[in-house]
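With TSV, C-alpha atoms inside, this is run_32.tsv:
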chain	number	residue	atom	x	y	z
A	102	MET	CA	0.00	0.00	0.00
A	103	THR	CA	1.44	3.41	-0.92
A	104	GLY	CA	1.92	6.11	1.72
A	105	ARG	CA	-1.03	8.11	0.40
A	106	LEU	CA	-3.34	5.10	0.37
A	107	ARG	CA	-2.13	4.02	3.83
A	108	ARG	CA	-2.88	7.42	5.32
A	109	THR	CA	-6.24	7.65	3.55
A	110	ALA	CA	-7.35	4.19	4.62
A	111	SER	CA	-6.17	4.83	8.17
A	112	SER	CA	-8.15	8.07	8.36
A	113	ALA	CA	-11.16	6.33	6.86
A	114	ALA	CA	-10.96	3.57	9.47
A	115	LEU	CA	-10.75	6.08	12.31
A	116	ALA	CA	-13.72	8.02	11.01
A	117	LEU	CA	-15.62	4.80	10.43
A	118	GLY	CA	-15.09	3.63	14.01
A	119	ALA	CA	-15.69	7.02	15.54
A	120	PHE	CA	-18.94	7.76	13.74
A	121	ALA	CA	-20.24	4.26	14.37
A	122	LEU	CA	-19.45	4.58	18.08
A	123	LEU	CA	-21.18	7.92	18.34
A	124	ALA	CA	-24.23	6.46	16.63
A	125	ALA	CA	-24.15	3.45	18.96
A	126	CYS	CA	-24.16	5.78	21.95
A	127	GLY	CA	-27.44	7.28	20.70
A	128	ASP	CA	-30.74	5.77	19.68
A	129	ASN	CA	-29.82	4.74	16.12
A	130	ASP	CA	-28.81	1.19	15.18
A	131	ALA	CA	-25.27	1.49	13.83
A	132	GLY	CA	-25.09	-2.21	12.98
A	133	LEU	CA	-22.23	-2.76	15.49
A	134	THR	CA	-22.01	-3.08	19.25
A	135	ARG	CA	-20.11	-0.51	21.27
A	136	ALA	CA	-17.40	-3.11	22.02
A	137	GLU	CA	-17.00	-3.86	18.30
A	138	VAL	CA	-16.58	-0.27	17.20
A	139	GLU	CA	-14.26	0.45	20.12
A	140	GLU	CA	-12.12	-2.44	18.94
A	141	VAL	CA	-12.04	-0.99	15.42
A	142	VAL	CA	-10.75	2.35	16.67
A	143	ARG	CA	-8.31	0.80	19.15
A	144	ALA	CA	-6.92	-1.54	16.49
A	145	GLU	CA	-6.34	1.33	14.09
A	146	LEU	CA	-4.69	3.46	16.77
A	147	ALA	CA	-2.46	0.52	17.69
A	148	ALA	CA	-1.55	0.01	14.04
A	149	GLU	CA	-0.57	3.66	13.70
A	150	SER	CA	1.52	3.39	16.89
A	151	SER	CA	3.38	0.40	15.41
A	152	ALA	CA	3.86	2.21	12.12
A	153	SER	CA	5.44	5.15	13.92
A	154	VAL	CA	8.43	2.93	14.70
A	155	GLU	CA	9.12	2.90	10.97
A	156	GLY	CA	8.71	6.66	10.78
A	157	THR	CA	5.51	6.54	8.77
A	158	VAL	CA	3.37	8.46	11.25
A	159	ASN	CA	3.79	10.93	14.07
A	160	PRO	CA	5.73	9.23	16.92
A	161	ASP	CA	3.38	10.91	19.40
A	162	THR	CA	0.77	8.27	18.54
A	163	ALA	CA	2.94	5.77	20.43
A	164	ALA	CA	1.56	7.34	23.60
A	165	VAL	CA	-1.93	6.03	22.83
A	166	PRO	CA	-3.26	4.01	25.82
A	167	PRO	CA	-3.18	0.22	25.43
A	168	ALA	CA	-6.16	-1.51	23.82
A	169	THR	CA	-7.52	-2.57	27.18
A	170	ALA	CA	-7.98	1.04	28.24
A	171	GLY	CA	-11.08	1.55	26.05
A	172	LEU	CA	-12.35	4.89	24.78
A	173	THR	CA	-14.57	7.45	26.40
A	174	ARG	CA	-17.13	9.40	24.41
A	175	ALA	CA	-14.92	12.48	24.79
A	176	GLU	CA	-12.00	10.58	23.25
A	177	VAL	CA	-14.15	9.42	20.36
A	178	GLU	CA	-15.39	12.97	19.74
A	179	GLU	CA	-11.78	14.11	19.67
A	180	ILE	CA	-11.06	11.50	16.99
A	181	VAL	CA	-14.08	12.72	15.04
A	182	ARG	CA	-12.88	16.33	15.18
A	183	ALA	CA	-9.40	15.27	14.07
A	184	THR	CA	-10.65	13.22	11.11
A	185	ILE	CA	-13.70	15.11	9.90
A	186	ALA	CA	-11.55	17.86	8.38
A	187	GLY	CA	-10.10	15.26	6.04
A	188	ILE	CA	-13.46	13.98	4.82
A	189	PRO	CA	-14.24	15.49	1.40
A	190	SER	CA	-17.48	17.31	0.81
A	191	LYS	CA	-20.12	15.77	-1.45
A	192	ALA	CA	-19.78	18.99	-3.44
A	193	ALA	CA	-16.45	17.48	-4.59
A	194	PRO	CA	-17.94	14.19	-5.85
A	195	ALA	CA	-14.76	12.62	-7.22
A	196	GLU	CA	-12.89	13.08	-3.96
A	197	TYR	CA	-15.90	11.98	-1.91
A	198	THR	CA	-16.28	8.86	-4.07
A	199	GLN	CA	-12.66	7.91	-3.45
A	200	TYR	CA	-13.20	8.46	0.27
A	201	VAL	CA	-16.24	6.15	0.24
A	202	VAL	CA	-14.16	3.41	-1.41
A	203	ASP	CA	-11.26	3.96	1.00
A	204	SER	CA	-13.73	3.67	3.89
A	205	ALA	CA	-15.03	0.37	2.51
A	206	ILE	CA	-11.48	-0.97	2.26
A	207	ALA	CA	-10.80	0.22	5.83
A	208	ARG	CA	-13.91	-1.57	7.05
A	209	TYR	CA	-12.78	-4.76	5.30
A	210	GLU	CA	-9.25	-4.54	6.69
A	211	THR	CA	-10.26	-3.79	10.28
A	212	GLN	CA	-13.43	-5.88	10.61
A	213	GLY	CA	-13.03	-8.59	8.00
A	214	LEU	CA	-14.82	-9.51	4.79
A	215	ASP	CA	-17.94	-10.95	6.42
A	216	ALA	CA	-18.60	-7.73	8.33
A	217	ALA	CA	-18.00	-5.64	5.19
A	218	LEU	CA	-20.41	-7.77	3.17
A	219	ALA	CA	-23.04	-7.61	5.89
A	220	HIS	CA	-22.81	-3.83	5.95
A	221	TYR	CA	-22.77	-3.05	2.23
A	222	ASN	CA	-25.48	-5.58	1.41
A	223	ARG	CA	-27.88	-3.55	3.54
A	224	PRO	CA	-30.01	-0.91	1.76
A	225	GLU	CA	-29.26	1.35	4.75
A	226	SER	CA	-25.64	1.56	3.55
A	227	ILE	CA	-26.76	3.73	0.60
A	228	ASP	CA	-25.56	7.30	1.15
A	229	GLY	CA	-27.65	9.45	-1.19
A	230	GLN	CA	-26.36	8.51	-4.64
A	231	TRP	CA	-23.34	6.67	-3.22
A	232	TYR	CA	-23.25	2.97	-2.40
A	233	VAL	CA	-20.44	0.40	-2.33
A	234	PHE	CA	-20.26	-2.82	-4.30
A	235	ILE	CA	-17.57	-5.50	-4.03
A	236	ILE	CA	-16.42	-7.99	-6.69
A	237	ASP	CA	-14.51	-11.15	-5.75
A	238	GLU	CA	-11.64	-13.06	-7.39
A	239	ASN	CA	-14.12	-14.98	-9.54
A	240	ASP	CA	-15.51	-11.73	-11.02
A	241	LEU	CA	-18.75	-12.16	-9.03
A	242	VAL	CA	-20.60	-9.34	-7.28
A	243	ILE	CA	-20.55	-10.32	-3.60
A	244	ALA	CA	-21.73	-7.04	-2.08
A	245	HIS	CA	-24.43	-4.73	-3.44
A	246	PRO	CA	-27.48	-3.14	-1.79
A	247	ASP	CA	-29.64	-4.65	-4.55
A	248	PRO	CA	-29.87	-8.40	-3.83
A	249	GLU	CA	-30.60	-9.14	-7.51
A	250	ARG	CA	-27.04	-8.10	-8.39
A	251	ARG	CA	-25.31	-10.38	-5.90
A	252	GLY	CA	-23.70	-13.55	-7.20
A	253	LEU	CA	-23.68	-12.33	-10.79
A	254	ASP	CA	-20.62	-12.30	-13.05
A	255	VAL	CA	-19.63	-8.72	-13.78
A	256	LYS	CA	-18.68	-9.82	-17.30
A	257	ALA	CA	-22.34	-10.72	-17.96
A	258	TRP	CA	-25.45	-8.51	-18.10
A	259	VAL	CA	-24.83	-6.90	-14.71
A	260	GLY	CA	-21.64	-5.44	-16.19
A	261	THR	CA	-23.38	-4.09	-19.30
A	262	ASP	CA	-25.17	-0.74	-19.29
A	263	ALA	CA	-28.41	0.37	-20.95
A	264	ASN	CA	-26.54	1.23	-24.17
A	265	GLY	CA	-24.84	-2.14	-24.46
A	266	TYR	CA	-21.47	-0.85	-23.23
A	267	GLU	CA	-19.67	-3.72	-21.44
A	268	PHE	CA	-17.97	-1.93	-18.55
A	269	GLY	CA	-17.33	-5.09	-16.50
A	270	PRO	CA	-13.97	-5.92	-18.13
A	271	ASP	CA	-12.82	-2.33	-17.57
A	272	MET	CA	-13.58	-2.69	-13.86
A	273	LEU	CA	-11.71	-5.99	-13.66
A	274	ALA	CA	-8.58	-4.24	-14.99
A	275	ALA	CA	-8.38	-2.01	-11.88
A	276	THR	CA	-5.28	-2.22	-9.66
A	277	GLU	CA	-4.45	-1.01	-6.15
A	278	GLU	CA	-3.80	2.40	-7.70
A	279	GLY	CA	-7.47	2.57	-8.69
A	280	LYS	CA	-9.14	3.62	-11.95
A	281	TRP	CA	-12.26	5.42	-13.16
A	282	VAL	CA	-14.89	3.57	-15.19
A	283	SER	CA	-17.94	5.35	-16.60
A	284	TYR	CA	-21.28	4.02	-17.83
A	285	VAL	CA	-25.01	4.71	-17.53
A	286	TYR	CA	-26.97	3.27	-14.61
A	287	ARG	CA	-29.95	3.96	-12.39
A	288	ASN	CA	-29.57	6.60	-9.69
A	289	PRO	CA	-30.95	5.50	-6.29
A	290	GLU	CA	-31.73	9.14	-5.47
A	291	SER	CA	-34.21	9.31	-8.36
A	292	GLY	CA	-35.48	5.74	-8.28
A	293	ASP	CA	-34.73	2.24	-7.02
A	294	LEU	CA	-31.86	0.10	-8.28
A	295	GLY	CA	-34.01	-2.33	-10.26
A	296	SER	CA	-33.94	-2.91	-13.99
A	297	GLY	CA	-35.45	-0.64	-16.61
A	298	PHE	CA	-34.52	2.59	-18.33
A	299	ASP	CA	-36.17	5.17	-16.05
A	300	ASN	CA	-33.83	7.52	-14.17
A	301	VAL	CA	-30.78	6.27	-16.09
A	302	GLU	CA	-27.85	8.66	-15.77
A	303	LEU	CA	-24.14	8.76	-16.61
A	304	LYS	CA	-22.18	7.37	-13.65
A	305	ASN	CA	-18.47	7.76	-12.87
A	306	VAL	CA	-17.14	4.91	-10.69
A	307	TRP	CA	-13.85	4.60	-8.78
A	308	VAL	CA	-12.62	0.99	-8.56
A	309	THR	CA	-9.72	-0.15	-6.34
A	310	LYS	CA	-8.24	-3.61	-5.90
A	311	ARG	CA	-7.28	-5.04	-2.50
A	312	ASP	CA	-6.36	-8.66	-1.72
A	313	GLY	CA	-7.88	-9.77	-5.02
A	314	LEU	CA	-11.18	-8.02	-4.27
A	315	LEU	CA	-12.51	-4.97	-6.11
A	316	PHE	CA	-14.15	-2.20	-4.08
A	317	ALA	CA	-16.15	0.37	-6.02
A	318	SER	CA	-18.52	3.30	-5.70
A	319	GLY	CA	-19.49	6.23	-7.88
A	320	TRP	CA	-21.62	9.28	-8.47
A	321	TYR	CA	-24.15	10.27	-11.10
A	322	ILE	CA	-23.19	13.17	-13.31
A	323	ASP	CA	-25.69	15.93	-13.93
A	324	ALA	CA	-24.82	17.25	-17.39
A	325	ASP	CA	-24.82	20.95	-16.48
A	326	ALA	CA	-23.02	20.43	-13.16
A	327	PHE	CA	-20.41	18.20	-14.80
A	328	THR	CA	-19.82	20.67	-17.61
A	329	LYS	CA	-19.19	23.53	-15.18
A	330	GLN	CA	-17.01	21.31	-12.98
A	331	LEU	CA	-14.84	20.32	-15.94
A	332	VAL	CA	-14.22	23.94	-16.89
A	333	SER	CA	-13.50	24.92	-13.27
A	334	VAL	CA	-11.01	22.07	-12.86
A	335	ALA	CA	-9.30	23.01	-16.14
A	336	VAL	CA	-8.84	26.63	-15.00
A	337	ASP	CA	-7.51	25.49	-11.61
A	338	ARG	CA	-5.06	23.09	-13.19
A	339	TYR	CA	-3.85	25.75	-15.61
A	340	ARG	CA	-3.40	28.22	-12.75
A	341	GLU	CA	-1.35	25.68	-10.81
A	342	GLY	CA	0.84	24.27	-13.57
A	343	GLY	CA	0.21	25.87	-16.94
A	344	LEU	CA	-1.10	24.45	-20.20
A	345	GLU	CA	1.08	21.34	-20.32
A	346	ALA	CA	0.09	20.31	-16.79
A	347	THR	CA	-3.59	20.84	-17.61
A	348	VAL	CA	-3.45	18.59	-20.65
A	349	ALA	CA	-1.44	15.98	-18.71
A	350	TYR	CA	-3.97	15.96	-15.87
A	351	PHE	CA	-6.93	15.15	-18.09
A	352	ALA	CA	-4.92	12.41	-19.81
A	353	SER	CA	-3.94	10.81	-16.47
A	354	PRO	CA	-5.64	7.57	-15.34
A	355	GLY	CA	-5.97	9.18	-11.90
A	356	SER	CA	-8.04	12.06	-13.21
A	357	ALA	CA	-11.68	12.00	-12.20
A	358	LEU	CA	-12.52	12.73	-15.82
A	359	ALA	CA	-10.13	10.36	-17.56
A	360	GLY	CA	-12.58	7.48	-17.43
A	361	LEU	CA	-15.08	9.50	-19.44
A	362	GLU	CA	-13.01	9.72	-22.60
A	363	THR	CA	-13.87	6.35	-24.14
A	364	THR	CA	-17.36	6.34	-22.68
A	365	VAL	CA	-18.29	9.74	-24.10
A	366	ALA	CA	-16.93	8.64	-27.47
A	367	TYR	CA	-19.16	5.57	-27.27
A	368	TYR	CA	-22.24	7.57	-26.29
A	369	ASN	CA	-21.61	10.09	-29.04
A	370	ALA	CA	-21.39	7.26	-31.56
A	371	ALA	CA	-24.56	5.68	-30.16
A	372	GLU	CA	-26.36	9.06	-30.27
A	373	THR	CA	-27.17	8.75	-26.57
A	374	VAL	CA	-26.72	12.48	-26.00
A	375	ASP	CA	-28.50	15.12	-28.05
A	376	GLY	CA	-25.53	16.24	-30.10
A	377	GLN	CA	-21.78	15.82	-29.75
A	378	TRP	CA	-20.02	16.40	-26.43
A	379	PHE	CA	-16.66	18.15	-26.70
A	380	ALA	CA	-14.08	19.91	-24.55
A	381	PHE	CA	-11.44	22.36	-25.69
A	382	ILE	CA	-8.80	24.93	-24.76
A	383	GLY	CA	-8.35	28.00	-26.94
A	384	GLY	CA	-5.06	29.90	-26.96
A	385	PRO	CA	-4.59	33.69	-26.69
A	386	ASP	CA	-4.19	33.93	-30.48
A	387	GLY	CA	-7.57	32.25	-31.07
A	388	THR	CA	-6.06	28.89	-32.05
A	389	ILE	CA	-7.42	25.66	-30.57
A	390	VAL	CA	-4.54	24.26	-28.48
A	391	GLY	CA	-6.45	21.36	-26.93
A	392	HIS	CA	-9.57	19.46	-27.95
A	393	SER	CA	-11.30	16.16	-27.19
A	394	ASP	CA	-11.16	15.60	-30.96
A	395	PRO	CA	-7.42	15.94	-31.76
A	396	SER	CA	-8.18	16.66	-35.42
A	397	LYS	CA	-9.53	20.07	-34.43
A	398	ILE	CA	-6.33	21.22	-32.68
A	399	GLY	CA	-4.81	24.12	-34.60
A	400	GLY	CA	-8.16	25.35	-35.88
A	401	ASP	CA	-9.95	28.59	-35.03
A	402	THR	CA	-11.68	28.64	-31.63
A	403	ARG	CA	-14.53	30.72	-33.05
A	404	ASP	CA	-15.45	27.93	-35.45
A	405	LEU	CA	-16.56	25.84	-32.47
A	406	PHE	CA	-19.40	28.26	-31.76
A	407	GLY	CA	-21.08	28.46	-35.16
A	408	GLY	CA	-23.22	31.61	-35.20
A	409	ALA	CA	-23.37	31.96	-31.40
A	410	ASP	CA	-22.43	35.26	-29.81
A	411	PHE	CA	-18.96	34.53	-28.42
A	412	ASP	CA	-16.43	37.12	-27.25
A	413	ALA	CA	-13.32	35.62	-25.66
A	414	ALA	CA	-12.01	39.04	-24.60
A	415	HIS	CA	-14.78	39.51	-22.05
A	416	LEU	CA	-14.68	36.05	-20.48
A	417	THR	CA	-13.81	35.67	-16.80
A	418	GLU	CA	-12.74	32.61	-14.84
A	419	SER	CA	-16.18	32.44	-13.19
A	420	GLY	CA	-17.52	31.24	-16.56
A	421	GLU	CA	-20.75	31.63	-18.53
A	422	TRP	CA	-23.01	29.67	-20.85
A	423	VAL	CA	-22.92	30.23	-24.61
A	424	GLU	CA	-26.01	28.96	-26.43
A	425	GLU	CA	-27.36	29.07	-29.97
A	426	ALA	CA	-31.03	28.14	-30.17
A	427	GLU	CA	-31.16	24.35	-29.84
A	428	SER	CA	-27.90	23.68	-31.66
A	429	LEU	CA	-25.25	24.61	-29.07
A	430	ARG	CA	-24.81	24.67	-25.31
A	431	VAL	CA	-21.26	25.30	-24.09
A	432	TYR	CA	-19.87	26.54	-20.77
A	433	VAL	CA	-16.76	28.70	-21.17
A	434	ALA	CA	-14.33	30.49	-18.87
A	435	GLY	CA	-11.33	32.70	-19.53
A	436	TYR	CA	-8.01	32.88	-17.72
A	437	ASP	CA	-4.64	34.33	-18.69
A	438	GLY	CA	-5.83	34.83	-22.26
A	439	TYR	CA	-6.90	31.18	-22.64
A	440	VAL	CA	-10.46	29.96	-23.15
A	441	PHE	CA	-11.60	26.76	-21.43
A	442	GLY	CA	-14.89	25.25	-22.54
A	443	THR	CA	-17.01	22.15	-22.80
A	444	GLY	CA	-20.54	21.30	-23.89
A	445	TRP	CA	-22.63	19.90	-26.70
A	446	SER	CA	-23.23	20.84	-30.31
A	447	ARG	CA	-25.34	19.32	-33.04
A	448	ASP	CA	-23.62	17.58	-35.91
A	449	GLU	CA	-24.21	20.39	-38.40
A	450	LEU	CA	-21.87	22.69	-36.43
A	451	ASP	CA	-19.02	20.26	-36.92
A	452	GLU	CA	-19.46	19.80	-40.65
Let me see the file written as C-alpha cells.
Amino acid sequence: MTGRLRRTASSAALALGAFALLAACGDNDAGLTRAEVEEVVRAELAAESSASVEGTVNPDTAAVPPATAGLTRAEVEEIVRATIAGIPSKAAPAEYTQYVVDSAIARYETQGLDAALAHYNRPESIDGQWYVFIIDENDLVIAHPDPERRGLDVKAWVGTDANGYEFGPDMLAATEEGKWVSYVYRNPESGDLGSGFDNVELKNVWVTKRDGLLFASGWYIDADAFTKQLVSVAVDRYREGGLEATVAYFASPGSALAGLETTVAYYNAAETVDGQWFAFIGGPDGTIVGHSDPSKIGGDTRDLFGGADFDAAHLTESGEWVEEAESLRVYVAGYDGYVFGTGWSRDELDE
C-alpha cells in the first residue's frame, strides 16, 4: 500500500469507528455493538503506533493508551474532530467517491470480509447517490445493496449498461492504484436500483483492488453540473501548472474525468446524448490548443461556436453559458488569455 493510500485508509478507518461509536451511543442502530466499534478504533490506533516505529506516522501516537484502556465518548469525539476535516465534501464528488471506497477498504481490513459484506449488502448503507459494491476473485458481485445483483458475473449482463457498453472488463482491470470507469446506470436518489430505463444517468465509478477483491462506488453526473465542474477544474489546473500540466492531468488515469473519454466517445457514436459532447482549450491567439477531438487542434476557436455570440475578450474565470437556439450549449471560462470550454453541439456545427 502506498503512503497516500495508507494514510487515507487509516483516516477512513478512524472516522468509520468514531462515527459508528457515536451512533451506537445514541438511539440509532449502527449495525455494530459498542465493544465492536471500540475495537475498530483501538486496532487502528495501535496500528498507527506500530507504524510510527518505521517513521511513517507521528511518533506521538505511540503514547496512545493500550487496547484494554477503552475509549470514552470524549475521546471518540476528539477522533471525530481530528478526522472530519479530512473527509471530502459531497460537493467534490470525485474526492468523496474515493473516500467512500477507501472507507469500505478500511472496514474490510479492520473488521473482515464478512462484516463488510453484511454492511454493504444492507439498503441502509446507501448514502444518497453513493453505495459500495464488491467484486470477488471470480468476477462475481458479492456485495451490493440490490440483492438481484449479488452472485452475478460482472462480465455478464450486470456489467453491461443500458446502451450495451460492457464496462465489467474495464472494472476488472483495476489495480491497487485505482481507476475510473464510466457508464449509464440507475440513480438511487431518483429511483430504485431495479432494472429498466427510467432515471438512467451517466455514472463515474472509482474501482480499487485489495487482496484480489474490487471495491467500487461512484456518483451520477448531472450534465450541467459536470460541464461547469470540468471547466472549473481546467482553469484550476492551468493556474497551478500551466497548459502542459492541464493537458497531462486530463490524460492521467488518476483524473476524475479520464474514465469518461472512451465512454463519451461511445455515447456520441450511439447518439445517446442530443448532439456531440466536446471539450477544448483556446489559446490567446484564437487557435485551438487542446480538444477532445485531436483533429480540431490548430483550428480557429470561433469555429466551435457556429453563429453563437462569443467574445473571448470579455470572459472571466467564473464562466458563462454560450447557447445558440437548440444547436449549441457550451460553458466557457477565460483565464490568462486562454479559453476553457465544454458542452454539446449538433452535428451540423461540426461539418
Env of Lys256 of chain A: 10 Å cut, atoms = only C-alpha atoms, seq-sep filter 5 positions within chain, self excluded. Answer as a ChimeraX atom specification. /A:240-241,261,267-273
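In this model, the gap between atom CA of Trp445 of chain A and atom CA of Arg430 of chain A comes to 5.4 Å.
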Would you work out the distance separating atom CA of Gly442 of chain A from atom CA of Thr328 of chain A, expressed in Å to one decimal?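 Atom-to-atom, atom CA of Gly442 of chain A and atom CA of Thr328 of chain A are spaced 8.3 Å apart.
Using only C-alpha atoms, the nearest neighbour of Val242 of chain A within the list A:Tyr200, A:Glu210, A:Pro395, A:Leu314 is A:Leu314.
Selection around (-23.4, -8.8, -12.1) with radius 10 Å, counting only C-alpha atoms, yields the residues Ile236, Asp240, Leu241, Val242, Ile243, His245, Glu249, Arg250, Arg251, Gly252, Leu253, Asp254, Val255, Lys256, Ala257, Trp258, Val259, Gly260, Thr261 and Gly269 of chain A.
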Provide the atom CA of Arg338 of chain A to atom CA of Ser446 of chain A distance in Å, to one decimal place. 25.1 Å
